[in-house]
Amino acid sequence: MQDVAVVIPAKDEADRIAATVKAALELPGAGLVVVVDDGSADGTARVAEQAGAKVVRHGRNRGKGAAMESGAEAVRLLDDDRHEPRHLLFLDADLADTARDAAPLVEPVRRGEADMTIAVFSTTVKLGGHGFVVRLSRDGIRRATGWEATQPLNGQRCLTRAAFEAARPLAAGFGVETALTIDLLRQGFRVTEVEVPLAHRATGTDWRAQLHRARQFRDVARALAVREPAVARMLRGTRLS
């Protein structure tokens, strides 16, 4: 039963994407893996295709939300003759071999017990954005919905096609996970967290890592501002607004 399509947004991940794709293809029911090369300057697209993925390319970097939408649209077009749409499993490109351990994310959706699952990493590898960005996202989700997320920025998620379509258009960039959670909970969709032994590249402390966190903060704040008037008022007059 090939009822799952794996969508992997990727930018400059030529060193890990092959291992991630091959591991994703081992997941039960994963009959299709789509990699969205979001404006990479390296050989990400070529390596992903050689590993067995269908590849969609953005000519320039458009951000994670746009990459997720492009991947889901590619799945829809490739599955045009299917009677039932596949569930969508979104994975980060740098999971490498651990991507094969994402199967528990699919099961609650497959059994009809959840409309979206969110991964909680059982490893000690630090998720990018730990600290002030995570608190911003977690607190925003709690204020908007009353739900407390363990790892609100975790991009490893499985959704029904109906849930994904209900959340469109997705928030821009790194605000997509926060917005997805709020928008689906507000519409009455069932969201649950699942612990999985996945691991990706640890976020460093150099200037690139700090810039990444600043972009995360900007995108999460913008996603919350659309959904929370109090955040919008706080951001007025700042460079984020």
# chains A, B, ... in the order shown; residues from 1 in each chain; ligands from 1
$ select_by_dssp --residues "segment 28-227 of chain A" --states "strand (DSSP E)" --output "ChimeraX atom specification"
/A:30-38,54-58,87-90,116-121,157-159,191-196
$ select_by_dssp --residues "segment 42-112 of chain A" --states "alpha helix (DSSP H)" --output "count of residues only"
30
$ closest_atom_pairs --of "segment 138-218 of chain A" --to "segment 74-79 of chain A" --cutoff "12 Å" --atoms "only C-alpha atoms" --output "CSV"
residue,atom,partner,partner_atom,distance
A:Arg161,CA,A:Arg76,CA,9.3
A:Phe164,CA,A:Arg76,CA,11.8
A:Glu165,CA,A:Arg76,CA,11.2
$ write_last_selection --atoms "N, CA and C atoms" --output "PDB file, in the first residue's frame"
ATOM      1  N   ARG A 161      -3.912  14.905   3.084  1.00  0.00           N
ATOM      2  CA  ARG A 161      -4.002  15.918   2.029  1.00  0.00           C
ATOM      3  C   ARG A 161      -5.057  16.966   2.384  1.00  0.00           C
ATOM      4  N   PHE A 164      -3.558  19.474   4.769  1.00  0.00           N
ATOM      5  CA  PHE A 164      -2.608  20.348   4.082  1.00  0.00           C
ATOM      6  C   PHE A 164      -3.344  21.415   3.278  1.00  0.00           C
ATOM      7  N   GLU A 165      -4.348  21.021   2.542  1.00  0.00           N
ATOM      8  CA  GLU A 165      -5.081  21.987   1.722  1.00  0.00           C
ATOM      9  C   GLU A 165      -5.797  23.020   2.590  1.00  0.00           C
TER      10      GLU A 165
END
$ residues_around --residues "Ala14 of chain A" --least-positions-apart "3" --cutoff "6 Å" --atoms "only C-alpha atoms" --output "number ranges by chain"
A: 17, 43-44
$ atom_distance --atom1 "atom CA of Arg57 of chain A" --atom2 "atom CA of Leu25 of chain A"
19.9 Å
$ residues_around --residues "segment 105-115 of chain A" --least-positions-apart "3" --cutoff "10 Å" --atoms "only C-alpha atoms" --output "compact mmCIF listing (two decimals) with all heavy atoms, in the first residue's frame"
# COMPACT_ATOMS: atom_id res chain seq x y z
N ASP A 3 0.75 4.62 0.20
CA ASP A 3 -0.19 5.68 0.55
C ASP A 3 0.49 6.94 1.09
O ASP A 3 -0.18 7.84 1.57
CB ASP A 3 -1.21 5.17 1.57
CG ASP A 3 -0.55 4.73 2.88
OD1 ASP A 3 0.67 4.51 2.89
OD2 ASP A 3 -1.29 4.58 3.88
N VAL A 4 1.82 7.00 1.00
CA VAL A 4 2.56 8.14 1.55
C VAL A 4 3.51 8.70 0.50
O VAL A 4 4.20 7.96 -0.20
CB VAL A 4 3.39 7.72 2.78
CG1 VAL A 4 4.20 8.90 3.32
CG2 VAL A 4 2.50 7.15 3.87
N LEU A 27 10.81 3.67 3.89
CA LEU A 27 9.67 3.79 4.79
C LEU A 27 8.47 3.01 4.26
O LEU A 27 8.17 3.06 3.06
CB LEU A 27 9.28 5.26 4.96
CG LEU A 27 10.28 6.13 5.71
CD1 LEU A 27 9.93 7.61 5.56
CD2 LEU A 27 10.31 5.74 7.18
N PRO A 28 7.75 2.29 5.11
CA PRO A 28 6.58 1.53 4.66
C PRO A 28 5.54 2.43 4.01
O PRO A 28 5.15 3.44 4.58
CB PRO A 28 6.05 0.93 5.96
CG PRO A 28 7.21 0.91 6.89
CD PRO A 28 8.03 2.11 6.55
N GLY A 29 5.14 2.07 2.80
CA GLY A 29 4.11 2.82 2.10
C GLY A 29 4.59 4.06 1.38
O GLY A 29 3.80 4.75 0.73
N ALA A 30 5.89 4.35 1.45
CA ALA A 30 6.42 5.55 0.80
C ALA A 30 6.74 5.24 -0.66
O ALA A 30 7.86 4.90 -1.01
CB ALA A 30 7.66 6.05 1.52
N ARG A 86 -2.38 10.66 -1.51
CA ARG A 86 -1.43 10.17 -0.52
C ARG A 86 -1.35 11.12 0.68
O ARG A 86 -1.57 12.32 0.54
CB ARG A 86 -0.03 10.05 -1.13
CG ARG A 86 0.09 9.13 -2.32
CD ARG A 86 1.56 9.08 -2.73
NE ARG A 86 1.73 8.69 -4.11
CZ ARG A 86 2.29 7.55 -4.52
NH1 ARG A 86 2.71 6.69 -3.63
NH2 ARG A 86 2.43 7.29 -5.81
N HIS A 87 -1.00 10.56 1.82
CA HIS A 87 -0.62 11.39 2.95
C HIS A 87 0.73 12.04 2.62
O HIS A 87 1.54 11.48 1.88
CB HIS A 87 -0.50 10.56 4.22
CG HIS A 87 -1.73 9.77 4.55
ND1 HIS A 87 -3.00 10.35 4.55
CD2 HIS A 87 -1.91 8.46 4.87
CE1 HIS A 87 -3.89 9.42 4.87
NE2 HIS A 87 -3.26 8.27 5.07
N LEU A 88 0.98 13.20 3.19
CA LEU A 88 2.21 13.94 2.92
C LEU A 88 3.11 13.90 4.15
O LEU A 88 2.73 14.38 5.22
CB LEU A 88 1.88 15.39 2.56
CG LEU A 88 1.02 15.58 1.31
CD1 LEU A 88 0.58 17.04 1.19
CD2 LEU A 88 1.76 15.15 0.06
N LEU A 89 4.29 13.35 3.98
CA LEU A 89 5.28 13.30 5.05
C LEU A 89 6.41 14.25 4.70
O LEU A 89 7.14 14.04 3.73
CB LEU A 89 5.82 11.88 5.21
CG LEU A 89 6.95 11.69 6.23
CD1 LEU A 89 6.50 12.06 7.63
CD2 LEU A 89 7.48 10.25 6.18
N PHE A 90 6.56 15.31 5.48
CA PHE A 90 7.61 16.30 5.24
C PHE A 90 8.80 15.98 6.12
O PHE A 90 8.67 15.81 7.34
CB PHE A 90 7.09 17.71 5.55
CG PHE A 90 6.03 18.18 4.59
CD1 PHE A 90 4.69 18.04 4.89
CD2 PHE A 90 6.39 18.76 3.38
CE1 PHE A 90 3.71 18.46 4.00
CE2 PHE A 90 5.42 19.18 2.47
CZ PHE A 90 4.07 19.03 2.79
N ASP A 101 13.66 6.17 10.22
CA ASP A 101 12.96 6.02 11.50
C ASP A 101 11.75 6.93 11.62
O ASP A 101 11.18 7.09 12.71
CB ASP A 101 13.92 6.30 12.66
CG ASP A 101 15.06 5.29 12.73
OD1 ASP A 101 14.80 4.09 12.51
OD2 ASP A 101 16.20 5.72 12.99
N ALA A 102 11.31 7.51 10.51
CA ALA A 102 10.17 8.43 10.54
C ALA A 102 8.82 7.72 10.46
O ALA A 102 7.78 8.38 10.55
CB ALA A 102 10.29 9.44 9.39
N ILE A 118 3.43 15.68 14.59
CA ILE A 118 4.66 16.47 14.69
C ILE A 118 5.69 15.65 15.44
O ILE A 118 5.39 15.09 16.49
CB ILE A 118 4.40 17.80 15.44
CG1 ILE A 118 3.28 18.60 14.78
CG2 ILE A 118 5.69 18.63 15.50
CD1 ILE A 118 2.85 19.81 15.58
N ALA A 119 6.89 15.59 14.92
CA ALA A 119 7.93 14.80 15.55
C ALA A 119 8.46 15.48 16.81
O ALA A 119 8.61 16.70 16.86
CB ALA A 119 9.09 14.57 14.57
N VAL A 120 8.75 14.66 17.79
CA VAL A 120 9.53 15.07 18.96
C VAL A 120 10.78 14.21 18.95
O VAL A 120 10.69 12.99 19.09
CB VAL A 120 8.74 14.87 20.26
CG1 VAL A 120 9.63 15.17 21.48
CG2 VAL A 120 7.50 15.76 20.28
N GLN A 156 9.50 17.83 10.80
CA GLN A 156 9.13 16.46 10.45
C GLN A 156 7.66 16.27 10.81
O GLN A 156 7.30 16.13 11.98
CB GLN A 156 9.99 15.43 11.16
CG GLN A 156 11.44 15.80 11.44
CD GLN A 156 12.16 16.55 10.36
OE1 GLN A 156 12.20 16.12 9.20
NE2 GLN A 156 12.75 17.68 10.73
N ARG A 157 6.81 16.25 9.80
CA ARG A 157 5.37 16.20 10.01
C ARG A 157 4.68 15.36 8.95
O ARG A 157 5.09 15.39 7.78
CB ARG A 157 4.77 17.62 9.96
CG ARG A 157 5.32 18.53 11.05
CD ARG A 157 4.84 19.96 10.89
NE ARG A 157 5.42 20.76 11.98
CZ ARG A 157 4.74 21.58 12.77
NH1 ARG A 157 3.44 21.75 12.57
NH2 ARG A 157 5.33 22.24 13.73
N CYS A 158 3.64 14.67 9.35
CA CYS A 158 2.81 13.94 8.40
C CYS A 158 1.40 14.52 8.45
O CYS A 158 0.85 14.71 9.54
CB CYS A 158 2.78 12.45 8.73
SG CYS A 158 1.90 11.46 7.49
N LEU A 159 0.85 14.81 7.28
CA LEU A 159 -0.49 15.39 7.18
C LEU A 159 -1.34 14.63 6.17
O LEU A 159 -0.83 14.09 5.19
CB LEU A 159 -0.45 16.85 6.69
CG LEU A 159 0.20 17.93 7.53
CD1 LEU A 159 1.71 17.95 7.34
CD2 LEU A 159 -0.38 19.30 7.13
N THR A 160 -2.64 14.61 6.41
CA THR A 160 -3.54 14.20 5.36
C THR A 160 -3.55 15.28 4.29
O THR A 160 -3.23 16.45 4.55
CB THR A 160 -4.97 14.02 5.88
OG1 THR A 160 -5.47 15.30 6.34
CG2 THR A 160 -5.03 13.01 7.04
N ARG A 161 -3.91 14.91 3.08
CA ARG A 161 -4.00 15.92 2.03
C ARG A 161 -5.06 16.97 2.38
O ARG A 161 -4.87 18.17 2.14
CB ARG A 161 -4.33 15.24 0.70
CG ARG A 161 -4.68 16.18 -0.45
CD ARG A 161 -3.57 17.16 -0.78
NE ARG A 161 -2.50 16.56 -1.53
CZ ARG A 161 -1.58 17.23 -2.22
NH1 ARG A 161 -1.59 18.57 -2.21
NH2 ARG A 161 -0.61 16.63 -2.86
N ALA A 162 -6.15 16.53 3.01
CA ALA A 162 -7.21 17.48 3.38
C ALA A 162 -6.69 18.51 4.37
O ALA A 162 -7.01 19.71 4.27
CB ALA A 162 -8.40 16.73 3.96
N ALA A 163 -5.90 18.08 5.35
CA ALA A 163 -5.35 19.02 6.33
C ALA A 163 -4.40 19.99 5.65
O ALA A 163 -4.41 21.20 5.93
CB ALA A 163 -4.65 18.26 7.45
N PHE A 164 -3.56 19.47 4.77
CA PHE A 164 -2.61 20.35 4.08
C PHE A 164 -3.34 21.42 3.28
O PHE A 164 -2.98 22.60 3.34
CB PHE A 164 -1.70 19.53 3.16
CG PHE A 164 -0.68 20.36 2.44
CD1 PHE A 164 0.51 20.71 3.06
CD2 PHE A 164 -0.91 20.82 1.14
CE1 PHE A 164 1.45 21.50 2.40
CE2 PHE A 164 0.02 21.60 0.48
CZ PHE A 164 1.20 21.94 1.11
N LEU A 184 -4.38 24.73 11.72
CA LEU A 184 -5.11 23.46 11.74
C LEU A 184 -5.87 23.28 13.06
O LEU A 184 -7.02 22.82 13.06
CB LEU A 184 -4.16 22.30 11.50
CG LEU A 184 -3.59 22.22 10.08
CD1 LEU A 184 -2.72 20.98 9.91
CD2 LEU A 184 -4.71 22.21 9.03
N LEU A 185 -5.24 23.62 14.18
CA LEU A 185 -5.94 23.49 15.46
C LEU A 185 -7.17 24.41 15.51
O LEU A 185 -8.23 24.01 16.00
CB LEU A 185 -4.99 23.82 16.61
CG LEU A 185 -3.95 22.75 16.95
CD1 LEU A 185 -2.94 23.30 17.95
CD2 LEU A 185 -4.62 21.49 17.50
N GLY A 188 -10.11 22.88 13.90
CA GLY A 188 -10.64 21.65 14.47
C GLY A 188 -9.94 20.39 14.03
O GLY A 188 -10.41 19.28 14.34
N PHE A 189 -8.81 20.50 13.32
CA PHE A 189 -8.06 19.31 12.94
C PHE A 189 -7.32 18.75 14.16
O PHE A 189 -6.97 19.49 15.08
CB PHE A 189 -7.07 19.64 11.82
CG PHE A 189 -7.72 19.84 10.49
CD1 PHE A 189 -8.08 21.13 10.06
CD2 PHE A 189 -7.98 18.77 9.65
CE1 PHE A 189 -8.68 21.33 8.83
CE2 PHE A 189 -8.58 18.96 8.41
CZ PHE A 189 -8.93 20.25 8.00
N ARG A 190 -7.10 17.46 14.14
CA ARG A 190 -6.45 16.78 15.27
C ARG A 190 -4.94 16.75 15.03
O ARG A 190 -4.47 16.23 14.03
CB ARG A 190 -6.98 15.36 15.40
CG ARG A 190 -8.48 15.28 15.69
CD ARG A 190 -9.04 13.92 15.34
NE ARG A 190 -8.82 13.63 13.92
CZ ARG A 190 -8.97 12.43 13.38
NH1 ARG A 190 -9.29 11.39 14.13
NH2 ARG A 190 -8.76 12.25 12.09
N VAL A 191 -4.21 17.31 15.99
CA VAL A 191 -2.75 17.38 15.91
C VAL A 191 -2.17 16.65 17.11
O VAL A 191 -2.61 16.85 18.25
CB VAL A 191 -2.27 18.85 15.91
CG1 VAL A 191 -0.75 18.91 15.89
CG2 VAL A 191 -2.86 19.61 14.72
N THR A 192 -1.20 15.79 16.85
CA THR A 192 -0.57 15.06 17.94
C THR A 192 0.93 14.97 17.72
O THR A 192 1.41 15.04 16.58
CB THR A 192 -1.16 13.64 18.06
OG1 THR A 192 -0.69 13.02 19.26
CG2 THR A 192 -0.78 12.77 16.86
N GLU A 193 1.68 14.84 18.81
CA GLU A 193 3.13 14.71 18.74
C GLU A 193 3.53 13.25 18.87
O GLU A 193 2.89 12.49 19.60
CB GLU A 193 3.80 15.54 19.83
CG GLU A 193 3.58 17.03 19.65
CD GLU A 193 4.20 17.85 20.77
OE1 GLU A 193 4.07 17.45 21.95
OE2 GLU A 193 4.81 18.90 20.46
N VAL A 194 4.60 12.88 18.18
CA VAL A 194 5.08 11.50 18.17
C VAL A 194 6.59 11.51 18.38
O VAL A 194 7.32 12.19 17.65
CB VAL A 194 4.76 10.79 16.84
CG1 VAL A 194 5.29 9.35 16.85
CG2 VAL A 194 3.25 10.80 16.58
N GLU A 195 7.06 10.77 19.37
CA GLU A 195 8.51 10.70 19.61
C GLU A 195 9.16 9.77 18.59
O GLU A 195 8.69 8.66 18.37
CB GLU A 195 8.79 10.20 21.03
CG GLU A 195 10.26 10.27 21.40
CD GLU A 195 10.51 9.98 22.87
OE1 GLU A 195 10.05 10.77 23.71
OE2 GLU A 195 11.16 8.95 23.15
N VAL A 196 10.23 10.25 17.97
CA VAL A 196 10.94 9.47 16.97
C VAL A 196 12.45 9.65 17.15
O VAL A 196 12.91 10.71 17.57
CB VAL A 196 10.55 9.89 15.53
CG1 VAL A 196 9.15 9.42 15.17
CG2 VAL A 196 10.65 11.40 15.37
$ atom_distance --atom1 "atom CA of Glu84 of chain A" --atom2 "atom CA of Leu32 of chain A"
14.4 Å
$ residues_around --residues "Asp42 of chain A" --least-positions-apart "2" --cutoff "12 Å" --atoms "only C-alpha atoms" --output "mmCIF file with N, CA and C atoms, in the first residue's frame"
data_model
loop_
_atom_site.group_PDB
_atom_site.id
_atom_site.type_symbol
_atom_site.label_atom_id
_atom_site.label_comp_id
_atom_site.auth_asym_id
_atom_site.auth_seq_id
_atom_site.Cartn_x
_atom_site.Cartn_y
_atom_site.Cartn_z
ATOM 1 N N ALA A 10 14.983 21.238 0.269
ATOM 2 C CA ALA A 10 16.444 21.144 0.398
ATOM 3 C C ALA A 10 17.120 22.357 -0.214
ATOM 4 N N LYS A 11 18.134 22.840 0.478
ATOM 5 C CA LYS A 11 18.983 23.900 -0.066
ATOM 6 C C LYS A 11 20.429 23.600 0.316
ATOM 7 N N ASP A 12 21.262 23.404 -0.690
ATOM 8 C CA ASP A 12 22.691 23.138 -0.496
ATOM 9 C C ASP A 12 22.923 21.960 0.457
ATOM 10 N N GLU A 13 22.282 20.833 0.143
ATOM 11 C CA GLU A 13 22.396 19.633 0.978
ATOM 12 C C GLU A 13 22.966 18.458 0.193
ATOM 13 N N ALA A 14 23.861 18.740 -0.749
ATOM 14 C CA ALA A 14 24.405 17.673 -1.588
ATOM 15 C C ALA A 14 25.134 16.607 -0.790
ATOM 16 N N ASP A 15 25.650 16.977 0.382
ATOM 17 C CA ASP A 15 26.412 16.005 1.163
ATOM 18 C C ASP A 15 25.537 15.012 1.909
ATOM 19 N N ARG A 16 24.269 15.355 2.148
ATOM 20 C CA ARG A 16 23.402 14.472 2.934
ATOM 21 C C ARG A 16 22.148 14.006 2.208
ATOM 22 N N ILE A 17 21.796 14.651 1.123
ATOM 23 C CA ILE A 17 20.492 14.386 0.516
ATOM 24 C C ILE A 17 20.363 12.963 -0.008
ATOM 25 N N ASP A 37 14.464 21.335 -4.616
ATOM 26 C CA ASP A 37 15.744 22.045 -4.544
ATOM 27 C C ASP A 37 15.441 23.538 -4.565
ATOM 28 N N ASP A 38 15.558 24.157 -3.391
ATOM 29 C CA ASP A 38 15.130 25.549 -3.232
ATOM 30 C C ASP A 38 16.286 26.515 -3.488
ATOM 31 N N GLY A 39 16.713 26.560 -4.749
ATOM 32 C CA GLY A 39 17.745 27.508 -5.145
ATOM 33 C C GLY A 39 19.143 27.140 -4.699
ATOM 34 N N SER A 40 19.462 25.847 -4.686
ATOM 35 C CA SER A 40 20.792 25.410 -4.242
ATOM 36 C C SER A 40 21.877 25.865 -5.207
ATOM 37 N N THR A 44 22.744 19.519 -5.191
ATOM 38 C CA THR A 44 21.637 18.881 -4.471
ATOM 39 C C THR A 44 20.648 18.194 -5.407
ATOM 40 N N ALA A 45 20.208 18.877 -6.443
ATOM 41 C CA ALA A 45 19.198 18.316 -7.340
ATOM 42 C C ALA A 45 19.715 17.061 -8.038
ATOM 43 N N ARG A 46 20.913 17.127 -8.568
ATOM 44 C CA ARG A 46 21.490 15.979 -9.281
ATOM 45 C C ARG A 46 21.658 14.774 -8.356
ATOM 46 N N VAL A 47 22.189 15.003 -7.160
ATOM 47 C CA VAL A 47 22.413 13.904 -6.218
ATOM 48 C C VAL A 47 21.090 13.289 -5.776
ATOM 49 N N ALA A 48 20.084 14.123 -5.529
ATOM 50 C CA ALA A 48 18.772 13.626 -5.111
ATOM 51 C C ALA A 48 18.133 12.760 -6.188
#
$ atom_distance --atom1 "atom CA of Arg222 of chain A" --atom2 "atom CA of Pro9 of chain A"
20.8 Å
$ closest_residue --among "A:Glu73, A:Asp94, A:Asp80, A:Asp183" --to "Ala167 of chain A" --atoms "only C-alpha atoms"
A:Asp183
$ residues_around --residues "Pro152 of chain A" --least-positions-apart "4" --cutoff "8 Å" --atoms "only C-alpha atoms" --output "MDAnalysis selection string"
chainID A and resid 134 137:138 177:178
$ closest_residue --among "A:Ala179, A:Ala103, A:Val133, A:Val55" --to "Gln210 of chain A" --atoms "only C-alpha atoms"
A:Val133
$ residues_around --residues "Phe132 of chain A" --least-positions-apart "4" --cutoff "12 Å" --atoms "only C-alpha atoms" --output "VMD selection string"
chain A and resid 128 136 to 139 153 210 213 to 214 216 to 218 220 to 221
$ write_last_selection --atoms "N, CA, C and O atoms" --output "PDB file, in the first residue's frame"
ATOM      1  N   GLY A 128      17.685  23.339  15.499  1.00  0.00           N
ATOM      2  CA  GLY A 128      17.941  24.727  15.154  1.00  0.00           C
ATOM      3  C   GLY A 128      16.860  25.635  15.713  1.00  0.00           C
ATOM      4  O   GLY A 128      15.684  25.328  15.618  1.00  0.00           O
ATOM      5  N   LEU A 136       9.279  31.786  21.410  1.00  0.00           N
ATOM      6  CA  LEU A 136       8.350  32.640  20.665  1.00  0.00           C
ATOM      7  C   LEU A 136       7.265  31.809  20.003  1.00  0.00           C
ATOM      8  O   LEU A 136       6.072  32.118  20.098  1.00  0.00           O
ATOM      9  N   SER A 137       7.670  30.731  19.333  1.00  0.00           N
ATOM     10  CA  SER A 137       6.717  29.874  18.641  1.00  0.00           C
ATOM     11  C   SER A 137       5.796  29.153  19.627  1.00  0.00           C
ATOM     12  O   SER A 137       4.570  29.146  19.464  1.00  0.00           O
ATOM     13  N   ARG A 138       6.382  28.550  20.654  1.00  0.00           N
ATOM     14  CA  ARG A 138       5.580  27.784  21.627  1.00  0.00           C
ATOM     15  C   ARG A 138       4.559  28.672  22.325  1.00  0.00           C
ATOM     16  O   ARG A 138       3.381  28.315  22.459  1.00  0.00           O
ATOM     17  N   ASP A 139       5.014  29.848  22.757  1.00  0.00           N
ATOM     18  CA  ASP A 139       4.102  30.750  23.453  1.00  0.00           C
ATOM     19  C   ASP A 139       3.008  31.257  22.523  1.00  0.00           C
ATOM     20  O   ASP A 139       1.848  31.411  22.926  1.00  0.00           O
ATOM     21  N   LEU A 153       8.979  23.978  16.324  1.00  0.00           N
ATOM     22  CA  LEU A 153       9.632  24.267  15.053  1.00  0.00           C
ATOM     23  C   LEU A 153      10.047  23.011  14.296  1.00  0.00           C
ATOM     24  O   LEU A 153      10.686  23.104  13.244  1.00  0.00           O
ATOM     25  N   GLN A 210      23.874  32.149  13.650  1.00  0.00           N
ATOM     26  CA  GLN A 210      23.182  33.287  14.240  1.00  0.00           C
ATOM     27  C   GLN A 210      22.262  33.964  13.217  1.00  0.00           C
ATOM     28  O   GLN A 210      21.149  34.390  13.551  1.00  0.00           O
ATOM     29  N   ARG A 213      19.138  31.822  12.864  1.00  0.00           N
ATOM     30  CA  ARG A 213      18.203  32.020  13.972  1.00  0.00           C
ATOM     31  C   ARG A 213      17.469  33.353  13.834  1.00  0.00           C
ATOM     32  O   ARG A 213      16.281  33.459  14.152  1.00  0.00           O
ATOM     33  N   ALA A 214      18.177  34.375  13.369  1.00  0.00           N
ATOM     34  CA  ALA A 214      17.533  35.678  13.172  1.00  0.00           C
ATOM     35  C   ALA A 214      16.438  35.586  12.108  1.00  0.00           C
ATOM     36  O   ALA A 214      15.353  36.169  12.264  1.00  0.00           O
ATOM     37  N   GLN A 216      14.809  32.816  11.350  1.00  0.00           N
ATOM     38  CA  GLN A 216      13.725  32.057  11.974  1.00  0.00           C
ATOM     39  C   GLN A 216      12.844  32.970  12.815  1.00  0.00           C
ATOM     40  O   GLN A 216      11.610  32.913  12.737  1.00  0.00           O
ATOM     41  N   PHE A 217      13.479  33.777  13.659  1.00  0.00           N
ATOM     42  CA  PHE A 217      12.729  34.677  14.532  1.00  0.00           C
ATOM     43  C   PHE A 217      11.838  35.604  13.701  1.00  0.00           C
ATOM     44  O   PHE A 217      10.659  35.798  14.009  1.00  0.00           O
ATOM     45  N   ARG A 218      12.414  36.189  12.646  1.00  0.00           N
ATOM     46  CA  ARG A 218      11.652  37.083  11.777  1.00  0.00           C
ATOM     47  C   ARG A 218      10.429  36.388  11.194  1.00  0.00           C
ATOM     48  O   ARG A 218       9.308  36.909  11.247  1.00  0.00           O
ATOM     49  N   VAL A 220       8.888  33.507  12.117  1.00  0.00           N
ATOM     50  CA  VAL A 220       7.916  33.080  13.125  1.00  0.00           C
ATOM     51  C   VAL A 220       7.127  34.283  13.629  1.00  0.00           C
ATOM     52  O   VAL A 220       5.899  34.220  13.784  1.00  0.00           O
ATOM     53  N   ALA A 221       7.814  35.393  13.870  1.00  0.00           N
ATOM     54  CA  ALA A 221       7.131  36.600  14.337  1.00  0.00           C
ATOM     55  C   ALA A 221       6.115  37.088  13.307  1.00  0.00           C
ATOM     56  O   ALA A 221       4.997  37.484  13.664  1.00  0.00           O
TER      57      ALA A 221
END
$ closest_residue --among "A:Ala93, A:Val36, A:Leu224, A:Ala172" --to "Arg143 of chain A" --atoms "only C-alpha atoms"
A:Leu224
